[in-house]
$ cat final_15.txt   # compact mmCIF, C-alpha atoms
# COMPACT_ATOMS: atom_id res chain seq x y z
CA MET A 128 20.04 14.60 12.81
CA LEU A 129 19.04 12.06 10.18
CA SER A 130 18.82 13.20 6.58
CA ASN A 131 15.64 12.83 4.55
CA ARG A 132 17.27 9.97 2.65
CA GLN A 133 18.01 8.12 5.89
CA LEU A 134 14.47 8.74 7.13
CA PHE A 135 13.13 7.53 3.79
CA LEU A 136 15.01 4.25 4.08
CA SER A 137 14.11 3.83 7.75
CA HIS A 138 10.42 4.74 7.76
CA ILE A 139 9.01 4.48 4.22
CA ALA A 140 8.06 0.97 3.10
CA GLN A 141 10.50 -0.09 0.40
CA THR A 142 9.32 -1.98 -2.68
CA SER A 143 12.69 -2.53 -4.36
CA PRO A 144 16.20 -3.27 -3.09
CA ALA A 145 17.74 -0.30 -4.93
CA PRO A 146 15.50 2.79 -4.99
CA MET A 147 16.59 5.69 -7.18
CA LEU A 148 16.83 7.98 -4.10
CA LEU A 149 16.37 11.19 -6.02
CA GLU A 150 15.40 13.84 -3.47
CA LEU A 151 13.15 16.14 -5.45
CA VAL A 152 11.85 19.38 -4.00
CA ARG A 153 9.83 20.96 -6.81
CA ALA A 154 8.53 20.34 -10.32
CA GLU A 155 7.39 22.59 -13.13
CA GLY A 156 6.48 21.84 -16.72
CA ILE A 157 8.56 18.88 -17.89
CA TYR A 158 11.25 19.45 -15.25
CA LEU A 159 11.96 18.01 -11.81
CA TYR A 160 14.40 19.75 -9.44
CA ASP A 161 16.50 18.25 -6.64
CA THR A 162 17.87 19.80 -3.44
CA GLN A 163 20.80 21.26 -5.38
CA ASP A 164 18.38 22.79 -7.92
CA LYS A 165 19.60 20.40 -10.61
CA ALA A 166 16.95 20.04 -13.32
CA TYR A 167 15.86 16.64 -14.67
CA ILE A 168 13.69 16.18 -17.75
CA ASP A 169 10.75 13.99 -16.75
CA LEU A 170 10.34 11.44 -19.54
CA ILE A 171 7.80 9.29 -17.68
CA SER A 172 5.32 11.91 -16.38
CA GLY A 173 5.16 10.22 -12.97
CA PHE A 174 4.07 7.07 -14.85
CA ALA A 175 1.60 8.79 -17.19
CA VAL A 176 0.10 10.97 -14.44
CA SER A 177 1.38 14.42 -15.39
CA ASN A 178 0.10 14.52 -18.97
CA ILE A 179 -0.12 18.33 -18.95
CA GLY A 180 3.17 18.74 -17.10
CA HIS A 181 3.87 19.60 -13.50
CA SER A 182 2.38 22.52 -11.57
CA HIS A 183 0.22 23.83 -14.38
CA PRO A 184 -1.11 27.21 -13.17
CA LYS A 185 -4.75 26.37 -13.99
CA VAL A 186 -4.55 23.17 -11.96
CA LEU A 187 -2.90 24.94 -9.02
CA GLU A 188 -5.58 27.61 -9.07
CA ALA A 189 -8.37 25.02 -9.18
CA VAL A 190 -6.86 23.21 -6.18
CA ARG A 191 -6.45 26.44 -4.20
CA ALA A 192 -10.00 27.54 -4.96
CA GLN A 193 -11.51 24.19 -3.98
CA THR A 194 -9.59 23.92 -0.70
CA GLU A 195 -11.01 27.32 0.26
CA ARG A 196 -14.58 26.10 -0.38
CA TYR A 197 -14.39 22.67 1.23
CA MET A 198 -12.28 19.53 1.22
CA HIS A 199 -13.83 16.35 2.62
CA LEU A 200 -17.54 16.50 3.45
CA MET A 201 -18.95 13.02 4.00
CA VAL A 202 -19.01 9.53 2.49
CA TYR A 203 -19.03 9.51 -1.30
CA GLY A 204 -22.48 9.51 -2.89
CA GLU A 205 -24.46 11.03 -0.04
CA VAL A 206 -24.25 14.72 -0.94
CA VAL A 207 -24.06 16.66 -4.20
CA GLN A 208 -20.49 17.91 -4.63
CA THR A 209 -19.93 20.29 -7.53
CA PRO A 210 -16.39 19.12 -8.50
CA GLN A 211 -17.63 15.53 -8.81
CA VAL A 212 -20.73 16.19 -10.86
CA VAL A 213 -19.12 18.73 -13.19
CA TYR A 214 -16.15 16.46 -13.87
CA ALA A 215 -18.39 13.41 -14.40
CA LYS A 216 -20.43 15.40 -16.94
CA ALA A 217 -17.26 16.57 -18.72
CA LEU A 218 -15.91 13.02 -18.98
CA THR A 219 -19.15 11.47 -20.22
CA ASP A 220 -19.61 14.26 -22.79
CA HIS A 221 -16.50 12.84 -24.48
CA LEU A 222 -17.50 9.18 -24.34
CA PRO A 223 -19.97 6.91 -26.16
CA LYS A 224 -23.57 7.45 -25.01
CA HIS A 225 -23.75 4.21 -23.02
CA LEU A 226 -20.78 5.24 -20.88
CA ASN A 227 -22.78 7.86 -19.01
CA THR A 228 -22.31 7.13 -15.30
CA VAL A 229 -19.07 7.61 -13.36
CA TYR A 230 -17.97 5.99 -10.13
CA PHE A 231 -14.92 7.87 -8.83
CA THR A 232 -12.30 5.96 -6.84
CA ASN A 233 -8.96 6.78 -5.23
CA SER A 234 -6.79 4.91 -7.72
CA GLY A 235 -6.59 2.65 -10.74
CA ALA A 236 -6.44 -0.51 -8.64
CA GLU A 237 -9.65 0.51 -6.89
CA ALA A 238 -11.23 1.16 -10.28
CA THR A 239 -10.33 -2.42 -11.22
CA GLU A 240 -11.88 -3.80 -8.04
CA GLY A 241 -15.07 -1.82 -8.58
CA ALA A 242 -15.31 -2.74 -12.26
CA MET A 243 -14.89 -6.44 -11.46
CA LYS A 244 -17.58 -6.29 -8.77
CA LEU A 245 -19.90 -4.50 -11.19
CA ALA A 246 -19.34 -7.14 -13.88
CA LYS A 247 -20.19 -9.94 -11.44
CA ARG A 248 -23.30 -8.10 -10.29
CA VAL A 249 -24.55 -7.33 -13.81
CA THR A 250 -23.91 -10.76 -15.34
CA GLY A 251 -24.33 -13.06 -12.37
CA ARG A 252 -21.13 -14.80 -13.50
CA SER A 253 -17.76 -15.25 -11.83
CA GLN A 254 -15.13 -15.94 -14.49
CA PHE A 255 -12.71 -13.21 -15.56
CA VAL A 256 -10.52 -13.33 -18.63
CA HIS A 257 -7.36 -11.25 -18.89
CA PHE A 258 -4.19 -11.23 -20.95
CA LYS A 259 -0.56 -12.18 -20.51
CA ASN A 260 1.62 -9.24 -19.44
CA SER A 261 -1.40 -7.21 -18.35
CA TYR A 262 -1.30 -4.96 -15.29
CA HIS A 263 -4.43 -3.60 -13.64
CA GLY A 264 -3.18 -2.90 -10.10
CA SER A 265 -1.76 -4.73 -7.09
CA THR A 266 -4.73 -5.23 -4.77
CA GLN A 267 -6.13 -8.76 -4.35
CA GLY A 268 -8.65 -8.74 -7.18
CA ALA A 269 -6.44 -6.73 -9.52
CA LEU A 270 -3.49 -8.98 -8.72
CA SER A 271 -5.60 -11.98 -9.70
CA VAL A 272 -5.80 -10.61 -13.25
CA MET A 273 -2.15 -9.60 -13.47
CA GLY A 274 -0.54 -11.26 -16.45
CA ASP A 275 2.72 -12.39 -14.86
CA GLU A 276 3.22 -15.17 -12.33
CA TYR A 277 6.39 -13.67 -10.83
CA PHE A 278 4.43 -10.89 -9.14
CA LYS A 279 1.57 -13.18 -8.05
CA GLN A 280 3.25 -16.33 -6.77
CA SER A 281 3.99 -15.07 -3.25
CA PHE A 282 0.41 -13.94 -2.61
CA ARG A 283 -1.67 -16.95 -3.58
CA PRO A 284 -4.40 -18.04 -3.14
CA LEU A 285 -6.02 -15.29 -5.21
CA LEU A 286 -9.44 -15.16 -6.89
CA PRO A 287 -10.55 -18.42 -8.49
CA ASP A 288 -12.03 -18.79 -11.98
CA ILE A 289 -9.45 -16.63 -13.76
CA LEU A 290 -8.37 -17.36 -17.33
CA MET A 291 -5.33 -15.79 -19.00
CA LEU A 292 -5.03 -15.55 -22.79
CA ASP A 293 -2.25 -14.29 -25.04
CA TYR A 294 -2.59 -10.63 -25.99
CA ASN A 295 -3.34 -10.03 -29.67
CA ASN A 296 -4.13 -13.71 -30.33
CA ARG A 297 -7.48 -13.93 -32.13
CA GLU A 298 -7.62 -17.74 -32.06
CA GLN A 299 -7.71 -17.87 -28.27
CA LEU A 300 -10.75 -15.58 -28.02
CA SER A 301 -13.00 -18.62 -28.41
CA ALA A 302 -12.20 -19.37 -24.76
CA ILE A 303 -14.47 -16.47 -23.78
CA SER A 304 -17.80 -18.14 -23.02
CA GLU A 305 -21.23 -17.80 -21.44
CA ARG A 306 -19.47 -18.37 -18.10
CA THR A 307 -17.36 -15.23 -18.50
CA ALA A 308 -18.40 -12.20 -16.46
CA ALA A 309 -15.91 -9.87 -18.13
CA VAL A 310 -12.73 -9.54 -20.12
CA LEU A 311 -10.14 -7.00 -18.92
CA ILE A 312 -7.77 -5.50 -21.48
CA ASP A 313 -5.49 -2.54 -22.16
CA PRO A 314 -6.29 -1.06 -25.59
CA ILE A 315 -2.54 -0.60 -25.96
CA GLN A 316 -0.69 -2.81 -23.50
CA ALA A 317 1.62 -0.59 -21.49
CA GLU A 318 3.65 -2.83 -19.20
CA SER A 319 4.70 -5.26 -21.94
CA GLY A 320 6.46 -2.30 -23.53
CA ALA A 321 3.87 -0.33 -25.53
CA THR A 322 2.41 -3.29 -27.42
CA VAL A 323 -0.19 -2.27 -30.01
CA PRO A 324 -2.78 -4.93 -30.95
CA SER A 325 -4.21 -5.38 -34.42
CA SER A 326 -7.55 -3.85 -35.31
CA GLU A 327 -8.76 -7.33 -36.24
CA PHE A 328 -7.97 -8.63 -32.75
CA MET A 329 -9.79 -5.79 -31.00
CA GLU A 330 -12.83 -6.06 -33.25
CA SER A 331 -12.98 -9.84 -32.80
CA LEU A 332 -12.75 -9.36 -29.04
CA ARG A 333 -15.71 -6.98 -29.08
CA GLU A 334 -17.72 -9.40 -31.23
CA ARG A 335 -16.93 -12.35 -28.96
CA CYS A 336 -17.93 -10.46 -25.81
CA THR A 337 -21.19 -9.36 -27.41
CA ALA A 338 -21.97 -12.90 -28.59
CA THR A 339 -21.39 -14.47 -25.15
CA GLY A 340 -22.80 -11.69 -22.98
CA ALA A 341 -19.43 -11.07 -21.32
CA LEU A 342 -18.70 -7.44 -20.47
CA LEU A 343 -15.65 -5.81 -22.01
CA ILE A 344 -13.63 -3.80 -19.50
CA MET A 345 -10.94 -1.52 -20.92
CA ASP A 346 -8.17 -0.20 -18.72
CA GLU A 347 -7.17 3.28 -19.89
CA ALA A 348 -5.06 4.16 -16.84
CA GLN A 349 -2.03 4.83 -19.06
CA THR A 350 -3.57 5.22 -22.52
CA GLY A 351 -6.23 7.78 -21.57
CA PHE A 352 -6.21 11.56 -21.71
CA GLY A 353 -4.43 11.98 -25.03
CA ARG A 354 -1.38 9.83 -24.40
CA THR A 355 -1.78 7.81 -27.62
CA GLY A 356 -2.75 10.69 -29.91
CA LYS A 357 -6.48 10.29 -29.30
CA LEU A 358 -8.37 11.20 -26.14
CA TRP A 359 -9.01 7.50 -25.41
CA GLY A 360 -6.94 4.54 -26.57
CA PHE A 361 -10.01 2.55 -27.66
CA GLN A 362 -10.69 5.21 -30.30
CA HIS A 363 -7.92 3.70 -32.43
CA PHE A 364 -10.19 0.68 -32.97
CA ASP A 365 -13.77 -0.13 -33.85
CA CYS A 366 -14.22 -1.44 -30.33
CA GLU A 367 -16.04 0.26 -27.46
CA PRO A 368 -15.95 -1.02 -23.87
CA ASP A 369 -18.90 -1.80 -21.62
CA ILE A 370 -16.92 -0.53 -18.66
CA LEU A 371 -14.07 1.97 -18.92
CA MET A 372 -11.43 2.27 -16.19
CA LEU A 373 -9.47 5.50 -15.75
CA ALA A 374 -6.65 6.53 -13.41
CA LYS A 375 -3.27 8.30 -13.39
CA ALA A 376 -3.82 11.45 -15.52
CA ILE A 377 -7.47 11.64 -14.49
CA GLY A 378 -6.51 13.54 -11.33
CA GLY A 379 -4.17 16.13 -12.86
CA GLY A 380 -1.55 15.09 -10.29
CA MET A 381 -3.96 14.34 -7.43
CA PRO A 382 -5.02 10.79 -6.46
CA LEU A 383 -8.09 9.77 -8.44
CA GLY A 384 -9.46 6.88 -10.46
CA ALA A 385 -12.81 5.94 -11.96
CA PHE A 386 -14.82 3.25 -13.65
CA ILE A 387 -17.54 4.31 -16.06
CA ALA A 388 -20.51 2.31 -17.33
CA SER A 389 -24.15 2.73 -18.24
CA GLN A 390 -26.58 3.99 -15.63
CA GLU A 391 -28.47 0.72 -15.99
CA HIS A 392 -25.39 -1.25 -15.00
CA MET A 393 -24.40 1.10 -12.20
CA ARG A 394 -27.85 0.88 -10.61
CA THR A 395 -27.11 -2.72 -9.65
CA PHE A 396 -24.98 -1.27 -6.84
CA THR A 397 -27.96 0.50 -5.22
CA GLU A 398 -29.88 -2.49 -3.85
CA ASN A 399 -29.55 -6.19 -3.01
CA PRO A 400 -27.41 -5.10 -1.24
CA VAL A 401 -27.74 -1.38 -0.71
CA LEU A 402 -24.29 0.27 -0.76
CA GLY A 403 -23.05 -2.36 -3.20
CA HIS A 404 -19.79 -0.45 -3.55
CA ILE A 405 -18.66 2.32 -1.22
CA THR A 406 -15.60 4.47 -0.64
CA THR A 407 -14.78 7.22 1.83
CA PHE A 408 -12.38 9.31 -0.24
CA GLY A 409 -13.12 8.24 -3.82
CA GLY A 410 -13.97 11.32 -5.87
CA HIS A 411 -12.40 13.67 -3.33
CA PRO A 412 -13.47 17.23 -4.19
CA VAL A 413 -9.92 18.56 -4.47
CA SER A 414 -8.87 15.68 -6.69
CA CYS A 415 -11.90 16.19 -8.92
CA ALA A 416 -11.25 19.93 -9.16
CA SER A 417 -7.64 19.24 -10.10
CA GLY A 418 -8.62 16.59 -12.64
CA LEU A 419 -11.28 18.74 -14.26
CA ALA A 420 -8.82 21.62 -14.66
CA ALA A 421 -6.26 19.31 -16.26
CA PHE A 422 -8.92 17.78 -18.52
CA ASN A 423 -9.94 21.24 -19.72
CA VAL A 424 -6.31 22.17 -20.43
CA LEU A 425 -6.07 19.27 -22.90
CA PHE A 426 -8.66 21.00 -25.06
CA GLU A 427 -7.88 24.65 -24.33
CA GLU A 428 -4.23 24.18 -25.35
CA ASN A 429 -5.06 21.66 -28.12
CA LEU A 430 -2.42 19.31 -26.73
CA ILE A 431 -3.67 16.10 -28.32
CA ALA A 432 -3.28 17.46 -31.86
CA SER A 433 0.52 17.49 -31.63
CA VAL A 434 1.01 14.17 -29.85
CA GLU A 435 1.59 12.11 -32.99
CA SER A 436 4.11 14.54 -34.54
CA LYS A 437 6.02 14.68 -31.26
CA GLY A 438 6.08 10.90 -31.11
CA GLN A 439 7.39 10.81 -34.68
CA LEU A 440 10.17 13.22 -33.72
CA PHE A 441 11.27 10.96 -30.86
CA GLU A 442 11.22 8.00 -33.22
CA SER A 443 13.25 9.75 -35.93
CA LEU A 444 15.92 10.85 -33.45
CA LEU A 445 16.26 7.54 -31.59
CA SER A 446 15.21 4.56 -33.68
CA GLN A 447 18.39 4.35 -35.77
CA ASN A 448 20.69 3.86 -32.80
CA GLN A 449 22.45 0.50 -33.21
CA HIS A 450 21.90 -0.49 -29.58
CA ILE A 451 18.11 -0.04 -29.76
CA LYS A 452 16.78 -3.39 -31.00
CA SER A 453 13.24 -2.13 -31.58
CA PHE A 454 11.24 1.06 -31.11
CA ARG A 455 7.54 0.61 -30.28
CA ARG A 456 5.19 3.53 -30.07
CA LYS A 457 1.63 4.79 -30.04
CA GLY A 458 1.57 8.57 -29.80
CA LEU A 459 3.76 9.54 -26.85
CA MET A 460 3.72 6.06 -25.28
CA MET A 461 7.09 4.60 -26.29
CA ALA A 462 9.37 1.66 -25.55
CA LEU A 463 13.04 1.34 -26.56
CA GLU A 464 14.14 -2.28 -26.47
CA PHE A 465 17.75 -3.16 -25.63
CA GLU A 466 19.61 -6.47 -25.73
CA THR A 467 19.25 -7.25 -22.02
CA ALA A 468 17.53 -6.02 -18.89
CA GLU A 469 20.94 -5.42 -17.32
CA LEU A 470 21.96 -3.09 -20.13
CA ASN A 471 18.67 -1.25 -19.92
CA GLN A 472 19.05 -0.73 -16.16
CA LYS A 473 22.51 0.72 -16.62
CA ILE A 474 21.21 3.12 -19.25
CA VAL A 475 18.28 4.15 -17.04
CA HIS A 476 20.64 5.02 -14.18
CA GLN A 477 23.06 6.80 -16.52
CA CYS A 478 20.17 8.88 -17.82
CA VAL A 479 19.43 10.05 -14.28
CA LYS A 480 23.06 11.11 -13.87
CA ASN A 481 22.70 13.11 -17.06
CA GLY A 482 19.49 14.83 -15.94
CA LEU A 483 16.92 12.58 -17.59
CA VAL A 484 14.32 10.53 -15.68
CA THR A 485 13.30 7.32 -17.47
CA ASP A 486 12.40 3.83 -16.32
CA TRP A 487 11.64 0.26 -17.41
CA PHE A 488 8.46 -1.80 -17.81
CA LEU A 489 7.16 -4.42 -15.40
CA PHE A 490 6.96 -7.16 -18.02
CA ALA A 491 9.63 -5.81 -20.38
CA PRO A 492 12.63 -5.02 -18.15
CA HIS A 493 14.86 -4.91 -21.23
CA SER A 494 12.87 -1.94 -22.58
CA LEU A 495 13.18 1.71 -21.60
CA ARG A 496 10.00 3.69 -20.96
CA ILE A 497 9.35 7.09 -22.53
CA CYS A 498 6.01 8.84 -21.88
CA PRO A 499 6.75 12.54 -21.36
CA PRO A 500 4.22 15.27 -20.60
CA LEU A 501 2.20 16.07 -23.70
CA THR A 502 3.36 19.67 -23.29
CA ILE A 503 6.96 18.82 -24.20
CA SER A 504 8.22 21.01 -27.06
CA SER A 505 10.18 19.97 -30.16
CA THR A 506 13.28 21.68 -28.77
CA GLN A 507 12.91 19.86 -25.45
CA ILE A 508 12.48 16.56 -27.31
CA GLU A 509 15.73 17.18 -29.18
CA VAL A 510 17.57 17.93 -25.92
CA ALA A 511 16.08 14.84 -24.24
CA CYS A 512 17.11 12.60 -27.13
CA LEU A 513 20.65 13.99 -27.11
CA LEU A 514 20.91 13.20 -23.40
CA LEU A 515 19.50 9.72 -23.95
CA LEU A 516 21.87 8.96 -26.83
CA LYS A 517 24.75 10.31 -24.74
CA SER A 518 23.77 7.98 -21.89
CA ILE A 519 23.61 4.98 -24.23
CA ALA A 520 27.03 5.83 -25.65
CA GLU A 521 28.59 6.21 -22.19
CA ILE A 522 27.33 2.77 -21.14
CA THR A 523 28.07 0.88 -24.35
CA ASN A 524 31.50 2.34 -25.24
$ encode --input "final_15.txt" --output "structure tokens"
Amino acid sequence: MLSNRQLFLSHIAQTSPAPMLLELVRAEGIYLYDTQDKAYIDLISGFAVSNIGHSHPKVLEAVRAQTERYMHLMVYGEVVQTPQVVYAKALTDHLPKHLNTVYFTNSGAEATEGAMKLAKRVTGRSQFVHFKNSYHGSTQGALSVMGDEYFKQSFRPLLPDILMLDYNNREQLSAISERTAAVLIDPIQAESGATVPSSEFMESLRERCTATGALLIMDEAQTGFGRTGKLWGFQHFDCEPDILMLAKAIGGGMPLGAFIASQEHMRTFTENPVLGHITTFGGHPVSCASGLAAFNVLFEENLIASVESKGQLFESLLSQNQHIKSFRRKGLMMALEFETAELNQKIVHQCVKNGLVTDWFLFAPHSLRICPPLTISSTQIEVACLLLLKSIAEITN
């Protein structure tokens, strides 16, 4: 009989030549457990998904309760579903007044596709501006605004009329024009290794979009839900988006994404043509129930208040290591830069051997990713850092 690992390699589509092949059977809090019940500290939160940790009892209860009421009913938007409307109200209560209408999707990439369609419909324009080393998903439209040619070259032709600028470069913002439908940006760029832009750049970007009539789309898939020390990453700047994209932590561990805009903008999807954007499973009731429970936990447990101090503790324990060339951070979104990508990969794999799950960044393979659940305690941070420093020492000595 074939093992699960053999079945995985035989029947699950592989996206890399050397998968980690951890066979995990349960998760709780900040820990993942394999078939031998070995515990691993999760320092990446399933790529910023599990912001409140794994298997939170309030999320599990919300999922159980919703599955007992109903799961799928019919195509999104046709019937009033309580989990959708209550979660949409909760999200918009914590956003600027013009961001008052939510379109739920299945994922972040779908949120990108919907946001781009909305921008074209609202402005009547076709050009999109994005930034080098940006990542907004891997579907055709999202791939068109990916800021790295390596990942795009094998799938061309992609969308035309795309312009890439350098992130955090104010001088290049003049390229945004009356032809531009929208500009897509991460308020803190994740996949370049936690790159934080200047306030001046973000404010100039907002001014340029306003002056030209281009919509500003912010991708908060990784920066949202308290990850940076504020509920939303854009709150670090005097710069509000016209369209906000959410994913990852929005579902509390269930698949969910969203793009949020004004009701005036969203109404352009209702006619000419009718059903301007549709989805079968976007805003699934169980996903919305899970996401709402996780969203409420952020406030009930006051998790965001301690994010910055926890990030500072990581920085104080790690940044002085001689092999770490730089330490970049915003809240609990962190990147540890090493001399080479090869060295970083060895350290990542050594961490796994030592019971610590980390990873690298798409456009910064020489940097190690740390974005743990916001629930991680000071004691757990100290243990995680000891294991990380041990792993670095074992590889470099």
$ atom_distance --input "final_15.txt" --atom1 "atom CA of Asn260 of chain A" --atom2 "atom CA of Thr142 of chain A"
19.8 Å
$ closest_residue --input "final_15.txt" --among "A:Thr406, A:Gln507, A:Asn227, A:Gln254" --to "Met201 of chain A" --atoms "all atoms listed in the file"
A:Thr406
$ atom_distance --input "final_15.txt" --atom1 "atom CA of Ala341 of chain A" --atom2 "atom CA of Arg283 of chain A"
25.8 Å
$ closest_residue --input "final_15.txt" --among "A:Leu129, A:Ala238, A:Val176, A:Ala145" --to "Ile405 of chain A" --atoms "only C-alpha atoms"
A:Ala238
$ atom_distance --input "final_15.txt" --atom1 "atom CA of Tyr294 of chain A" --atom2 "atom CA of Ser446 of chain A"
24.6 Å
$ axis_aligned_box --input "final_15.txt" --around "segment 460-479 of chain A" --padding-each-side "3 Å" --output "JSON"
{"center_x": 13.4, "center_y": 1.4, "center_z": -20.4, "size_x": 25.3, "size_y": 23.3, "size_z": 18.4}
$ residues_around --input "final_15.txt" --residues "Leu383 of chain A" --least-positions-apart "2" --cutoff "8 Å" --atoms "all atoms listed in the file" --output "PDB file with C-alpha atoms, in the frame of the given file"
ATOM      1  CA  PHE A 231     -14.920   7.870  -8.830  1.00  0.00           C
ATOM      2  CA  THR A 232     -12.300   5.960  -6.840  1.00  0.00           C
ATOM      3  CA  ASN A 233      -8.960   6.780  -5.230  1.00  0.00           C
ATOM      4  CA  SER A 234      -6.790   4.910  -7.720  1.00  0.00           C
ATOM      5  CA  GLY A 235      -6.590   2.650 -10.740  1.00  0.00           C
ATOM      6  CA  ALA A 374      -6.650   6.530 -13.410  1.00  0.00           C
ATOM      7  CA  LYS A 375      -3.270   8.300 -13.390  1.00  0.00           C
ATOM      8  CA  ILE A 377      -7.470  11.640 -14.490  1.00  0.00           C
ATOM      9  CA  GLY A 378      -6.510  13.540 -11.330  1.00  0.00           C
ATOM     10  CA  MET A 381      -3.960  14.340  -7.430  1.00  0.00           C
ATOM     11  CA  ALA A 385     -12.810   5.940 -11.960  1.00  0.00           C
ATOM     12  CA  GLY A 409     -13.120   8.240  -3.820  1.00  0.00           C
ATOM     13  CA  GLY A 410     -13.970  11.320  -5.870  1.00  0.00           C
ATOM     14  CA  HIS A 411     -12.400  13.670  -3.330  1.00  0.00           C
ATOM     15  CA  SER A 414      -8.870  15.680  -6.690  1.00  0.00           C
ATOM     16  CA  CYS A 415     -11.900  16.190  -8.920  1.00  0.00           C
TER      17      CYS A 415
END
$ closest_residue --input "final_15.txt" --among "A:Glu435, A:Asp313, A:Asp346, A:Glu367" --to "Ser331 of chain A" --atoms "only C-alpha atoms"
A:Glu367
$ residues_around --input "final_15.txt" --residues "Arg191 of chain A" --least-positions-apart "3" --cutoff "12 Å" --atoms "only C-alpha atoms" --output "NGL selection string"
:A and (184-188 or 194-198 or 412-414 or 416-417 or 420)
$ closest_residue --input "final_15.txt" --among "A:Ala309, A:Leu425, A:Leu419, A:Leu402" --to "Ala217 of chain A" --atoms "all atoms listed in the file"
A:Leu419
$ closest_residue --input "final_15.txt" --among "A:Ile474, A:Ala317, A:Glu398, A:Met345" --to "Ala491 of chain A" --atoms "all atoms listed in the file"
A:Ala317
$ closest_residue --input "final_15.txt" --among "A:Leu134, A:Val479, A:Ile497, A:Ala348" --to "Lys165 of chain A" --atoms "all atoms listed in the file"
A:Val479
$ decode --input "final_15.txt" --residues "segment 246-300 of chain A" --atoms "C-alpha atoms" --output "mmCIF file, in the first residue's frame"
data_model
loop_
_atom_site.group_PDB
_atom_site.id
_atom_site.type_symbol
_atom_site.label_atom_id
_atom_site.label_comp_id
_atom_site.auth_asym_id
_atom_site.auth_seq_id
_atom_site.Cartn_x
_atom_site.Cartn_y
_atom_site.Cartn_z
ATOM 1 C CA ALA A 246 -11.370 49.622 -12.030
ATOM 2 C CA LYS A 247 -11.808 49.192 -15.793
ATOM 3 C CA ARG A 248 -15.578 49.456 -15.465
ATOM 4 C CA VAL A 249 -15.499 52.558 -13.253
ATOM 5 C CA THR A 250 -12.865 54.502 -15.189
ATOM 6 C CA GLY A 251 -13.393 53.278 -18.730
ATOM 7 C CA ARG A 252 -9.604 52.921 -18.967
ATOM 8 C CA SER A 253 -7.374 49.911 -19.543
ATOM 9 C CA GLN A 254 -3.880 50.672 -18.237
ATOM 10 C CA PHE A 255 -2.700 49.202 -14.935
ATOM 11 C CA VAL A 256 0.346 50.332 -13.017
ATOM 12 C CA HIS A 257 2.076 48.052 -10.540
ATOM 13 C CA PHE A 258 5.452 47.816 -8.833
ATOM 14 C CA LYS A 259 8.606 45.769 -9.146
ATOM 15 C CA ASN A 260 8.635 42.744 -6.821
ATOM 16 C CA SER A 261 4.886 42.934 -6.272
ATOM 17 C CA TYR A 262 2.743 39.810 -5.963
ATOM 18 C CA HIS A 263 -1.034 39.866 -6.299
ATOM 19 C CA GLY A 264 -1.763 36.256 -7.295
ATOM 20 C CA SER A 265 -1.034 33.795 -10.096
ATOM 21 C CA THR A 266 -4.133 33.887 -12.295
ATOM 22 C CA GLN A 267 -3.876 35.537 -15.729
ATOM 23 C CA GLY A 268 -4.780 39.084 -14.738
ATOM 24 C CA ALA A 269 -2.942 38.936 -11.425
ATOM 25 C CA LEU A 270 0.098 37.432 -13.133
ATOM 26 C CA SER A 271 0.107 40.364 -15.547
ATOM 27 C CA VAL A 272 0.777 42.700 -12.605
ATOM 28 C CA MET A 273 3.357 40.476 -10.944
ATOM 29 C CA GLY A 274 6.587 42.379 -10.470
ATOM 30 C CA ASP A 275 9.052 39.724 -11.592
ATOM 31 C CA GLU A 276 9.655 38.472 -15.125
ATOM 32 C CA TYR A 277 10.940 35.047 -14.029
ATOM 33 C CA PHE A 278 7.468 33.941 -12.969
ATOM 34 C CA LYS A 279 5.734 35.495 -15.998
ATOM 35 C CA GLN A 280 7.948 34.635 -18.951
ATOM 36 C CA SER A 281 6.575 31.142 -19.579
ATOM 37 C CA PHE A 282 2.944 32.284 -19.667
ATOM 38 C CA ARG A 283 2.978 35.201 -22.086
ATOM 39 C CA PRO A 284 1.084 36.773 -23.746
ATOM 40 C CA LEU A 285 -0.589 38.323 -20.709
ATOM 41 C CA LEU A 286 -2.710 41.472 -20.399
ATOM 42 C CA PRO A 287 -1.536 44.403 -22.510
ATOM 43 C CA ASP A 288 -1.154 47.992 -21.305
ATOM 44 C CA ILE A 289 0.692 47.158 -18.080
ATOM 45 C CA LEU A 290 3.313 49.496 -16.629
ATOM 46 C CA MET A 291 5.748 48.516 -13.871
ATOM 47 C CA LEU A 292 7.407 51.134 -11.649
ATOM 48 C CA ASP A 293 9.996 50.852 -8.897
ATOM 49 C CA TYR A 294 8.505 50.529 -5.418
ATOM 50 C CA ASN A 295 9.125 53.527 -3.165
ATOM 51 C CA ASN A 296 10.366 55.707 -6.049
ATOM 52 C CA ARG A 297 8.493 59.030 -5.958
ATOM 53 C CA GLU A 298 10.023 60.329 -9.189
ATOM 54 C CA GLN A 299 8.475 57.558 -11.276
ATOM 55 C CA LEU A 300 4.927 58.309 -10.089
#
